[in-house]
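The next block is query.txt, given as compact mmCIF, N, CA and C atoms.
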# COMPACT_ATOMS: atom_id res chain seq x y z
N GLN N 219 -54.43 18.12 -128.22
CA GLN N 219 -53.48 19.01 -128.86
C GLN N 219 -53.81 20.45 -128.46
N LEU N 220 -52.80 21.16 -127.97
CA LEU N 220 -53.00 22.53 -127.53
C LEU N 220 -52.77 23.46 -128.70
N GLN N 221 -53.75 24.31 -128.97
CA GLN N 221 -53.57 25.24 -130.07
C GLN N 221 -54.50 26.42 -129.93
N LEU N 222 -54.14 27.48 -130.64
CA LEU N 222 -54.99 28.66 -130.77
C LEU N 222 -55.57 28.66 -132.18
N VAL N 223 -56.81 29.04 -132.28
CA VAL N 223 -57.47 29.06 -133.58
C VAL N 223 -58.07 30.44 -133.81
N GLU N 224 -57.56 31.13 -134.85
CA GLU N 224 -58.10 32.45 -135.20
C GLU N 224 -59.19 32.28 -136.25
N SER N 225 -60.12 33.21 -136.23
CA SER N 225 -61.17 33.26 -137.24
C SER N 225 -61.67 34.69 -137.34
N GLY N 226 -62.45 34.94 -138.39
CA GLY N 226 -63.08 36.24 -138.53
C GLY N 226 -62.46 37.14 -139.58
N GLY N 227 -61.37 36.70 -140.19
CA GLY N 227 -60.77 37.52 -141.22
C GLY N 227 -61.60 37.51 -142.49
N GLY N 228 -61.19 38.33 -143.44
CA GLY N 228 -61.90 38.40 -144.71
C GLY N 228 -61.56 39.64 -145.48
N LEU N 229 -62.35 39.89 -146.50
CA LEU N 229 -62.20 41.07 -147.36
C LEU N 229 -63.22 42.11 -146.93
N VAL N 230 -62.76 43.31 -146.71
CA VAL N 230 -63.66 44.39 -146.29
C VAL N 230 -63.23 45.68 -146.97
N GLN N 231 -64.18 46.55 -147.21
CA GLN N 231 -63.88 47.84 -147.83
C GLN N 231 -63.29 48.80 -146.79
N PRO N 232 -62.51 49.76 -147.24
CA PRO N 232 -62.01 50.78 -146.31
C PRO N 232 -63.15 51.42 -145.54
N GLY N 233 -62.91 51.59 -144.25
CA GLY N 233 -63.94 52.12 -143.37
C GLY N 233 -64.81 51.07 -142.73
N GLY N 234 -64.69 49.84 -143.19
CA GLY N 234 -65.49 48.75 -142.66
C GLY N 234 -64.94 48.18 -141.36
N SER N 235 -65.60 47.13 -140.90
CA SER N 235 -65.24 46.52 -139.61
C SER N 235 -65.15 45.00 -139.74
N LEU N 236 -64.34 44.45 -138.88
CA LEU N 236 -64.24 43.00 -138.72
C LEU N 236 -63.99 42.71 -137.24
N ARG N 237 -64.42 41.54 -136.82
CA ARG N 237 -64.08 41.09 -135.47
C ARG N 237 -63.34 39.76 -135.57
N LEU N 238 -62.11 39.77 -135.13
CA LEU N 238 -61.32 38.55 -135.09
C LEU N 238 -61.51 37.83 -133.77
N SER N 239 -61.49 36.51 -133.83
CA SER N 239 -61.59 35.69 -132.63
C SER N 239 -60.36 34.81 -132.50
N CYS N 240 -59.96 34.59 -131.28
CA CYS N 240 -58.83 33.70 -130.98
C CYS N 240 -59.32 32.75 -129.91
N ALA N 241 -59.54 31.51 -130.28
CA ALA N 241 -60.08 30.52 -129.36
C ALA N 241 -59.01 29.52 -128.93
N GLY N 242 -59.04 29.19 -127.68
CA GLY N 242 -58.14 28.17 -127.18
C GLY N 242 -58.75 26.79 -127.40
N SER N 243 -57.93 25.87 -127.86
CA SER N 243 -58.37 24.50 -128.08
C SER N 243 -57.45 23.57 -127.31
N GLY N 244 -58.05 22.80 -126.38
CA GLY N 244 -57.25 21.87 -125.60
C GLY N 244 -56.68 22.46 -124.32
N PHE N 245 -56.87 23.75 -124.11
CA PHE N 245 -56.42 24.37 -122.88
C PHE N 245 -57.22 25.65 -122.65
N THR N 246 -57.19 26.11 -121.41
CA THR N 246 -57.92 27.32 -121.07
C THR N 246 -57.01 28.53 -121.19
N LEU N 247 -57.59 29.60 -121.71
CA LEU N 247 -56.83 30.84 -121.87
C LEU N 247 -56.84 31.71 -120.63
N ASP N 248 -57.56 31.29 -119.59
CA ASP N 248 -57.78 32.13 -118.42
C ASP N 248 -56.51 32.70 -117.83
N TYR N 249 -55.44 31.91 -117.84
CA TYR N 249 -54.24 32.33 -117.13
C TYR N 249 -53.18 32.93 -118.05
N TYR N 250 -53.58 33.17 -119.31
CA TYR N 250 -52.62 33.66 -120.28
C TYR N 250 -52.95 35.08 -120.71
N ALA N 251 -51.92 35.91 -120.78
CA ALA N 251 -52.06 37.14 -121.54
C ALA N 251 -52.04 36.75 -123.02
N ILE N 252 -52.77 37.50 -123.81
CA ILE N 252 -52.89 37.20 -125.24
C ILE N 252 -52.49 38.42 -126.05
N GLY N 253 -51.71 38.17 -127.07
CA GLY N 253 -51.34 39.25 -127.98
C GLY N 253 -51.88 38.99 -129.38
N TRP N 254 -52.22 40.08 -130.06
CA TRP N 254 -52.56 40.02 -131.48
C TRP N 254 -51.40 40.63 -132.25
N PHE N 255 -50.99 39.94 -133.27
CA PHE N 255 -49.90 40.37 -134.13
C PHE N 255 -50.38 40.37 -135.58
N ARG N 256 -49.66 41.08 -136.42
CA ARG N 256 -49.98 41.02 -137.84
C ARG N 256 -48.70 41.09 -138.65
N GLN N 257 -48.79 40.51 -139.83
CA GLN N 257 -47.65 40.54 -140.74
C GLN N 257 -48.15 40.78 -142.15
N ALA N 258 -47.72 41.89 -142.70
CA ALA N 258 -48.05 42.24 -144.08
C ALA N 258 -46.92 41.71 -144.97
N PRO N 259 -47.22 41.49 -146.25
CA PRO N 259 -46.20 40.99 -147.17
C PRO N 259 -44.97 41.88 -147.18
N GLY N 260 -43.81 41.25 -147.02
CA GLY N 260 -42.57 41.99 -147.07
C GLY N 260 -42.23 42.77 -145.82
N LYS N 261 -43.05 42.63 -144.78
CA LYS N 261 -42.82 43.38 -143.54
C LYS N 261 -42.63 42.43 -142.36
N GLU N 262 -42.04 42.98 -141.31
CA GLU N 262 -41.88 42.20 -140.09
C GLU N 262 -43.22 42.00 -139.38
N ARG N 263 -43.31 40.92 -138.65
CA ARG N 263 -44.48 40.74 -137.80
C ARG N 263 -44.43 41.77 -136.69
N GLU N 264 -45.57 42.37 -136.39
CA GLU N 264 -45.61 43.40 -135.36
C GLU N 264 -46.74 43.13 -134.38
N GLY N 265 -46.50 43.51 -133.15
CA GLY N 265 -47.54 43.42 -132.14
C GLY N 265 -48.53 44.55 -132.32
N VAL N 266 -49.80 44.23 -132.36
CA VAL N 266 -50.85 45.21 -132.60
C VAL N 266 -51.56 45.58 -131.30
N SER N 267 -51.83 44.57 -130.50
CA SER N 267 -52.56 44.79 -129.26
C SER N 267 -52.34 43.59 -128.36
N CYS N 268 -52.54 43.79 -127.07
CA CYS N 268 -52.49 42.65 -126.15
C CYS N 268 -53.38 42.93 -124.96
N ILE N 269 -53.71 41.86 -124.26
CA ILE N 269 -54.58 41.96 -123.10
C ILE N 269 -54.05 41.02 -122.02
N SER N 270 -54.06 41.51 -120.79
CA SER N 270 -53.58 40.69 -119.67
C SER N 270 -54.56 39.55 -119.39
N SER N 271 -54.13 38.62 -118.58
CA SER N 271 -54.97 37.46 -118.26
C SER N 271 -56.25 37.89 -117.55
N SER N 272 -56.16 38.94 -116.75
CA SER N 272 -57.34 39.42 -116.03
C SER N 272 -58.23 40.30 -116.91
N GLY N 273 -57.67 40.77 -118.01
CA GLY N 273 -58.42 41.66 -118.88
C GLY N 273 -58.36 43.12 -118.47
N THR N 274 -57.63 43.40 -117.40
CA THR N 274 -57.62 44.77 -116.89
C THR N 274 -56.57 45.65 -117.55
N THR N 275 -55.61 45.05 -118.21
CA THR N 275 -54.55 45.81 -118.87
C THR N 275 -54.54 45.50 -120.36
N THR N 276 -54.52 46.56 -121.15
CA THR N 276 -54.44 46.40 -122.60
C THR N 276 -53.43 47.40 -123.16
N TYR N 277 -52.87 47.06 -124.28
CA TYR N 277 -51.97 47.94 -125.01
C TYR N 277 -52.33 47.90 -126.48
N TYR N 278 -52.08 49.02 -127.14
CA TYR N 278 -52.36 49.13 -128.57
C TYR N 278 -51.21 49.83 -129.28
N ALA N 279 -50.99 49.42 -130.50
CA ALA N 279 -50.07 50.17 -131.34
C ALA N 279 -50.70 51.51 -131.68
N ASP N 280 -49.86 52.53 -131.85
CA ASP N 280 -50.38 53.86 -132.19
C ASP N 280 -51.22 53.82 -133.46
N SER N 281 -50.84 52.96 -134.38
CA SER N 281 -51.51 52.92 -135.68
C SER N 281 -52.95 52.40 -135.59
N VAL N 282 -53.29 51.73 -134.48
CA VAL N 282 -54.64 51.16 -134.35
C VAL N 282 -55.40 51.75 -133.16
N GLN N 283 -54.72 52.54 -132.35
CA GLN N 283 -55.35 53.13 -131.18
C GLN N 283 -56.60 53.90 -131.57
N GLY N 284 -57.69 53.64 -130.88
CA GLY N 284 -58.94 54.31 -131.17
C GLY N 284 -59.78 53.64 -132.25
N ARG N 285 -59.19 52.69 -132.95
CA ARG N 285 -59.93 51.96 -134.00
C ARG N 285 -60.13 50.49 -133.65
N PHE N 286 -59.16 49.92 -132.95
CA PHE N 286 -59.22 48.50 -132.57
C PHE N 286 -59.49 48.39 -131.07
N THR N 287 -60.22 47.35 -130.71
CA THR N 287 -60.48 47.08 -129.30
C THR N 287 -60.27 45.60 -129.03
N ILE N 288 -59.44 45.31 -128.05
CA ILE N 288 -59.20 43.93 -127.66
C ILE N 288 -60.04 43.62 -126.42
N SER N 289 -60.56 42.41 -126.36
CA SER N 289 -61.36 42.00 -125.22
C SER N 289 -61.26 40.50 -125.07
N ARG N 290 -61.72 40.00 -123.94
CA ARG N 290 -61.70 38.55 -123.74
C ARG N 290 -62.96 38.11 -123.02
N ASP N 291 -63.37 36.90 -123.34
CA ASP N 291 -64.50 36.27 -122.69
C ASP N 291 -64.01 34.91 -122.23
N ASN N 292 -63.60 34.84 -120.98
CA ASN N 292 -63.03 33.59 -120.49
C ASN N 292 -64.05 32.47 -120.44
N ALA N 293 -65.31 32.81 -120.31
CA ALA N 293 -66.35 31.76 -120.32
C ALA N 293 -66.39 31.06 -121.67
N LYS N 294 -66.03 31.81 -122.72
CA LYS N 294 -66.02 31.23 -124.07
C LYS N 294 -64.61 30.85 -124.50
N ASN N 295 -63.65 31.07 -123.58
CA ASN N 295 -62.26 30.71 -123.88
C ASN N 295 -61.78 31.39 -125.17
N THR N 296 -62.13 32.65 -125.30
CA THR N 296 -61.88 33.38 -126.55
C THR N 296 -61.44 34.81 -126.27
N VAL N 297 -60.53 35.27 -127.09
CA VAL N 297 -60.11 36.67 -127.09
C VAL N 297 -60.50 37.26 -128.44
N TYR N 298 -60.96 38.50 -128.40
CA TYR N 298 -61.45 39.16 -129.61
C TYR N 298 -60.61 40.38 -129.96
N LEU N 299 -60.60 40.70 -131.23
CA LEU N 299 -60.05 41.97 -131.69
C LEU N 299 -61.08 42.60 -132.61
N GLN N 300 -61.76 43.60 -132.08
CA GLN N 300 -62.73 44.34 -132.88
C GLN N 300 -61.99 45.41 -133.65
N MET N 301 -62.12 45.39 -134.96
CA MET N 301 -61.38 46.32 -135.81
C MET N 301 -62.38 47.17 -136.58
N ASN N 302 -62.37 48.45 -136.31
CA ASN N 302 -63.26 49.41 -136.97
C ASN N 302 -62.45 50.38 -137.81
N SER N 303 -63.14 51.08 -138.68
CA SER N 303 -62.50 52.09 -139.54
C SER N 303 -61.26 51.53 -140.21
N LEU N 304 -61.40 50.37 -140.78
CA LEU N 304 -60.25 49.69 -141.37
C LEU N 304 -59.69 50.45 -142.55
N ARG N 305 -58.38 50.35 -142.68
CA ARG N 305 -57.65 51.04 -143.74
C ARG N 305 -56.89 50.03 -144.57
N PRO N 306 -56.55 50.38 -145.80
CA PRO N 306 -55.77 49.44 -146.62
C PRO N 306 -54.48 48.99 -145.95
N GLU N 307 -53.88 49.86 -145.16
CA GLU N 307 -52.62 49.50 -144.50
C GLU N 307 -52.82 48.51 -143.36
N ASP N 308 -54.06 48.19 -143.03
CA ASP N 308 -54.33 47.14 -142.03
C ASP N 308 -54.30 45.75 -142.66
N THR N 309 -54.18 45.70 -143.96
CA THR N 309 -54.12 44.41 -144.65
C THR N 309 -52.92 43.61 -144.20
N ALA N 310 -53.17 42.39 -143.73
CA ALA N 310 -52.11 41.55 -143.20
C ALA N 310 -52.71 40.21 -142.78
N VAL N 311 -51.84 39.28 -142.45
CA VAL N 311 -52.27 38.08 -141.74
C VAL N 311 -52.17 38.38 -140.25
N TYR N 312 -53.25 38.13 -139.55
CA TYR N 312 -53.33 38.41 -138.13
C TYR N 312 -53.20 37.11 -137.34
N TYR N 313 -52.36 37.17 -136.31
CA TYR N 313 -52.10 36.01 -135.46
C TYR N 313 -52.38 36.38 -134.01
N CYS N 314 -52.80 35.39 -133.24
CA CYS N 314 -52.84 35.57 -131.79
C CYS N 314 -51.83 34.62 -131.17
N ALA N 315 -51.40 34.97 -129.98
CA ALA N 315 -50.39 34.17 -129.29
C ALA N 315 -50.53 34.35 -127.79
N THR N 316 -50.18 33.32 -127.04
CA THR N 316 -50.17 33.41 -125.58
C THR N 316 -48.80 33.91 -125.15
N GLY N 317 -48.81 34.79 -124.15
CA GLY N 317 -47.51 35.27 -123.67
C GLY N 317 -47.63 36.56 -122.92
N ALA N 318 -46.64 37.40 -123.06
CA ALA N 318 -46.57 38.63 -122.28
C ALA N 318 -47.52 39.69 -122.82
N CYS N 319 -47.88 40.61 -121.95
CA CYS N 319 -48.61 41.81 -122.37
C CYS N 319 -48.02 42.98 -121.61
N THR N 320 -47.07 43.63 -122.25
CA THR N 320 -46.45 44.82 -121.68
C THR N 320 -46.30 45.85 -122.78
N TYR N 321 -45.77 46.99 -122.42
CA TYR N 321 -45.51 48.02 -123.43
C TYR N 321 -44.63 47.45 -124.54
N TYR N 322 -43.75 46.54 -124.18
CA TYR N 322 -42.79 46.00 -125.15
C TYR N 322 -43.39 44.91 -126.03
N SER N 323 -44.65 44.58 -125.79
CA SER N 323 -45.32 43.58 -126.63
C SER N 323 -45.80 44.19 -127.94
N ILE N 324 -45.75 45.52 -128.03
CA ILE N 324 -46.31 46.23 -129.18
C ILE N 324 -45.20 46.63 -130.14
N GLY N 325 -45.51 46.53 -131.43
CA GLY N 325 -44.51 46.89 -132.43
C GLY N 325 -43.66 45.69 -132.81
N THR N 326 -42.46 45.97 -133.29
CA THR N 326 -41.59 44.90 -133.78
C THR N 326 -40.52 44.48 -132.80
N ASN N 327 -40.52 45.08 -131.62
CA ASN N 327 -39.46 44.77 -130.66
C ASN N 327 -39.86 43.73 -129.62
N TYR N 328 -40.99 43.05 -129.85
CA TYR N 328 -41.39 42.03 -128.89
C TYR N 328 -40.39 40.88 -128.93
N THR N 329 -40.41 40.08 -127.89
CA THR N 329 -39.50 38.95 -127.80
C THR N 329 -40.25 37.67 -128.16
N PRO N 330 -39.98 37.10 -129.31
CA PRO N 330 -40.73 35.90 -129.74
C PRO N 330 -40.73 34.78 -128.72
N GLY N 331 -39.64 34.64 -127.98
CA GLY N 331 -39.55 33.56 -127.00
C GLY N 331 -40.52 33.69 -125.86
N GLU N 332 -41.14 34.87 -125.70
CA GLU N 332 -42.11 35.08 -124.63
C GLU N 332 -43.49 34.55 -125.00
N TYR N 333 -43.66 34.12 -126.25
CA TYR N 333 -44.97 33.67 -126.72
C TYR N 333 -44.92 32.19 -127.00
N GLU N 334 -45.71 31.43 -126.24
CA GLU N 334 -45.60 29.97 -126.28
C GLU N 334 -46.42 29.36 -127.40
N TYR N 335 -47.67 29.76 -127.49
CA TYR N 335 -48.56 29.18 -128.50
C TYR N 335 -48.98 30.25 -129.49
N TRP N 336 -48.97 29.88 -130.76
CA TRP N 336 -49.39 30.76 -131.83
C TRP N 336 -50.50 30.10 -132.63
N GLY N 337 -51.41 30.92 -133.13
CA GLY N 337 -52.42 30.42 -134.05
C GLY N 337 -51.87 30.36 -135.46
N GLN N 338 -52.69 29.89 -136.36
CA GLN N 338 -52.26 29.69 -137.76
C GLN N 338 -52.42 30.96 -138.58
N GLY N 339 -53.12 31.94 -138.04
CA GLY N 339 -53.30 33.21 -138.73
C GLY N 339 -54.60 33.27 -139.52
N THR N 340 -55.09 34.48 -139.65
CA THR N 340 -56.29 34.73 -140.47
C THR N 340 -56.04 35.97 -141.32
N GLN N 341 -56.36 35.89 -142.58
CA GLN N 341 -56.07 36.97 -143.53
C GLN N 341 -57.13 38.07 -143.42
N VAL N 342 -56.65 39.29 -143.31
CA VAL N 342 -57.50 40.47 -143.37
C VAL N 342 -57.06 41.29 -144.56
N THR N 343 -57.99 41.55 -145.46
CA THR N 343 -57.70 42.36 -146.64
C THR N 343 -58.67 43.53 -146.69
N VAL N 344 -58.11 44.73 -146.71
CA VAL N 344 -58.92 45.94 -146.77
C VAL N 344 -58.70 46.57 -148.14
N SER N 345 -59.73 46.54 -148.95
CA SER N 345 -59.60 47.01 -150.32
C SER N 345 -60.96 47.35 -150.89
N SER N 346 -60.96 48.34 -151.76
CA SER N 346 -62.20 48.69 -152.44
C SER N 346 -62.30 47.98 -153.77
For this file, write the structure as C-alpha cells.
Amino acid sequence: QLQLVESGGGLVQPGGSLRLSCAGSGFTLDYYAIGWFRQAPGKEREGVSCISSSGTTTYYADSVQGRFTISRDNAKNTVYLQMNSLRPEDTAVYYCATGACTYYSIGTNYTPGEYEYWGQGTQVTVSS
C-alpha cells in the first residue's frame, strides 16, 4: 500500500519548535516533489512549503519564511519541516503530499489534482 505518513506534531508553547516528518511507505520519494500543507479549523487548506525532487528548489509562504525550513533525506525516504519560533496562528493539521513544487504550490491557489498522495495529517497546536 502506497502512503505518506506524517509524524512529529504536538503541543508546543509560542516560540517553541517542532520538526515534522513525512515518510514514504511502499514507494520511494526520490522522484517526487513534496509539499507541506496545513488546515486550521474553519479555514482553507493552504500550501506552506514545498521542495523539489532534487532538493534544490524550495518555496515558502510569507507567513513562515525565515521560521520554517523544508528538507529531504532520500536515504531515509523522508521529508522534514523544521518549524521554529512557532506562533499560535501556526496551529493547524499539517499534511504532506507528493506533487508539484512551484510558486503556485504556496497558499490557497494550489491545484489539488497535482498532488497524488496525501498523508493523514498531524496536529500542531501552539498555545501557552
- Query: Excluding same-chain residues fewer than 2 positions from stretch 234-244 of chain N, what lies within 10 Å of it counting only C-alpha atoms, as a PyMOL selection string?
  - Reply: chain N and resi 219-232+246-248+252-254+285-292+294-305+312-316+335-337+339-340+342+344-345
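On the backbone of this structure, DSSP gives helix (DSSP H, G or I) within stretch 234-326 of chain N to Asn292, Ala293, Lys294, Pro306, Glu307, Asp308, Tyr321, Tyr322 and Ser323 of chain N.
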Take the selection from the previous step and output its residues with N, CA and C atoms, as a PDB file, in the coordinates of the input.
ATOM      1  N   ASN N 292     -63.600  34.840-120.980  1.00  0.00           N
ATOM      2  CA  ASN N 292     -63.030  33.590-120.490  1.00  0.00           C
ATOM      3  C   ASN N 292     -64.050  32.470-120.440  1.00  0.00           C
ATOM      4  N   ALA N 293     -65.310  32.810-120.310  1.00  0.00           N
ATOM      5  CA  ALA N 293     -66.350  31.760-120.320  1.00  0.00           C
ATOM      6  C   ALA N 293     -66.390  31.060-121.670  1.00  0.00           C
ATOM      7  N   LYS N 294     -66.030  31.810-122.720  1.00  0.00           N
ATOM      8  CA  LYS N 294     -66.020  31.230-124.070  1.00  0.00           C
ATOM      9  C   LYS N 294     -64.610  30.850-124.500  1.00  0.00           C
ATOM     10  N   PRO N 306     -56.550  50.380-145.800  1.00  0.00           N
ATOM     11  CA  PRO N 306     -55.770  49.440-146.620  1.00  0.00           C
ATOM     12  C   PRO N 306     -54.480  48.990-145.950  1.00  0.00           C
ATOM     13  N   GLU N 307     -53.880  49.860-145.160  1.00  0.00           N
ATOM     14  CA  GLU N 307     -52.620  49.500-144.500  1.00  0.00           C
ATOM     15  C   GLU N 307     -52.820  48.510-143.360  1.00  0.00           C
ATOM     16  N   ASP N 308     -54.060  48.190-143.030  1.00  0.00           N
ATOM     17  CA  ASP N 308     -54.330  47.140-142.030  1.00  0.00           C
ATOM     18  C   ASP N 308     -54.300  45.750-142.660  1.00  0.00           C
ATOM     19  N   TYR N 321     -45.770  46.990-122.420  1.00  0.00           N
ATOM     20  CA  TYR N 321     -45.510  48.020-123.430  1.00  0.00           C
ATOM     21  C   TYR N 321     -44.630  47.450-124.540  1.00  0.00           C
ATOM     22  N   TYR N 322     -43.750  46.540-124.180  1.00  0.00           N
ATOM     23  CA  TYR N 322     -42.790  46.000-125.150  1.00  0.00           C
ATOM     24  C   TYR N 322     -43.390  44.910-126.030  1.00  0.00           C
ATOM     25  N   SER N 323     -44.650  44.580-125.790  1.00  0.00           N
ATOM     26  CA  SER N 323     -45.320  43.580-126.630  1.00  0.00           C
ATOM     27  C   SER N 323     -45.800  44.190-127.940  1.00  0.00           C
TER      28      SER N 323
END
- Query: At what distance in Å, to one decimal, does atom CA of N:Tyr322 lie from atom C of N:Arg263?
  - Reply: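 Spanning atom C of N:Arg263 to atom CA of N:Tyr322 is a straight-line distance of 12.4 Å.
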- Task: May I ask for the distance between atom C of N:Ser272 and atom N of N:Gln257, given in Å to one decimal place?
- Result: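 Atom-to-atom, atom C of N:Ser272 to atom N of N:Gln257, that is 24.8 Å.
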- Kindly give the distance, in Å, that separates atom CA of N:Gly317 and atom CA of N:Ser267, rounded to a single decimal.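 Those two atoms sit 12.1 Å apart.
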- Task: Find the residues around N:Val266 up to 6.5 Å (all atoms listed in the file counted), leave out those fewer than 3 positions away in its own chain, and share them as a list in words.
- Result: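 In the requested format, the answer is Gly253, Trp254, Phe255, Arg256, Tyr277, Tyr278, Ala279, Ser323, Ile324 and Gly325 of chain N.
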- Query: Which one of N:Asp280, N:Gln341, N:Ala293, N:Ser346 sits closest to N:Thr309 if you count only N, CA and C atoms?
  - Reply: N:Gln341
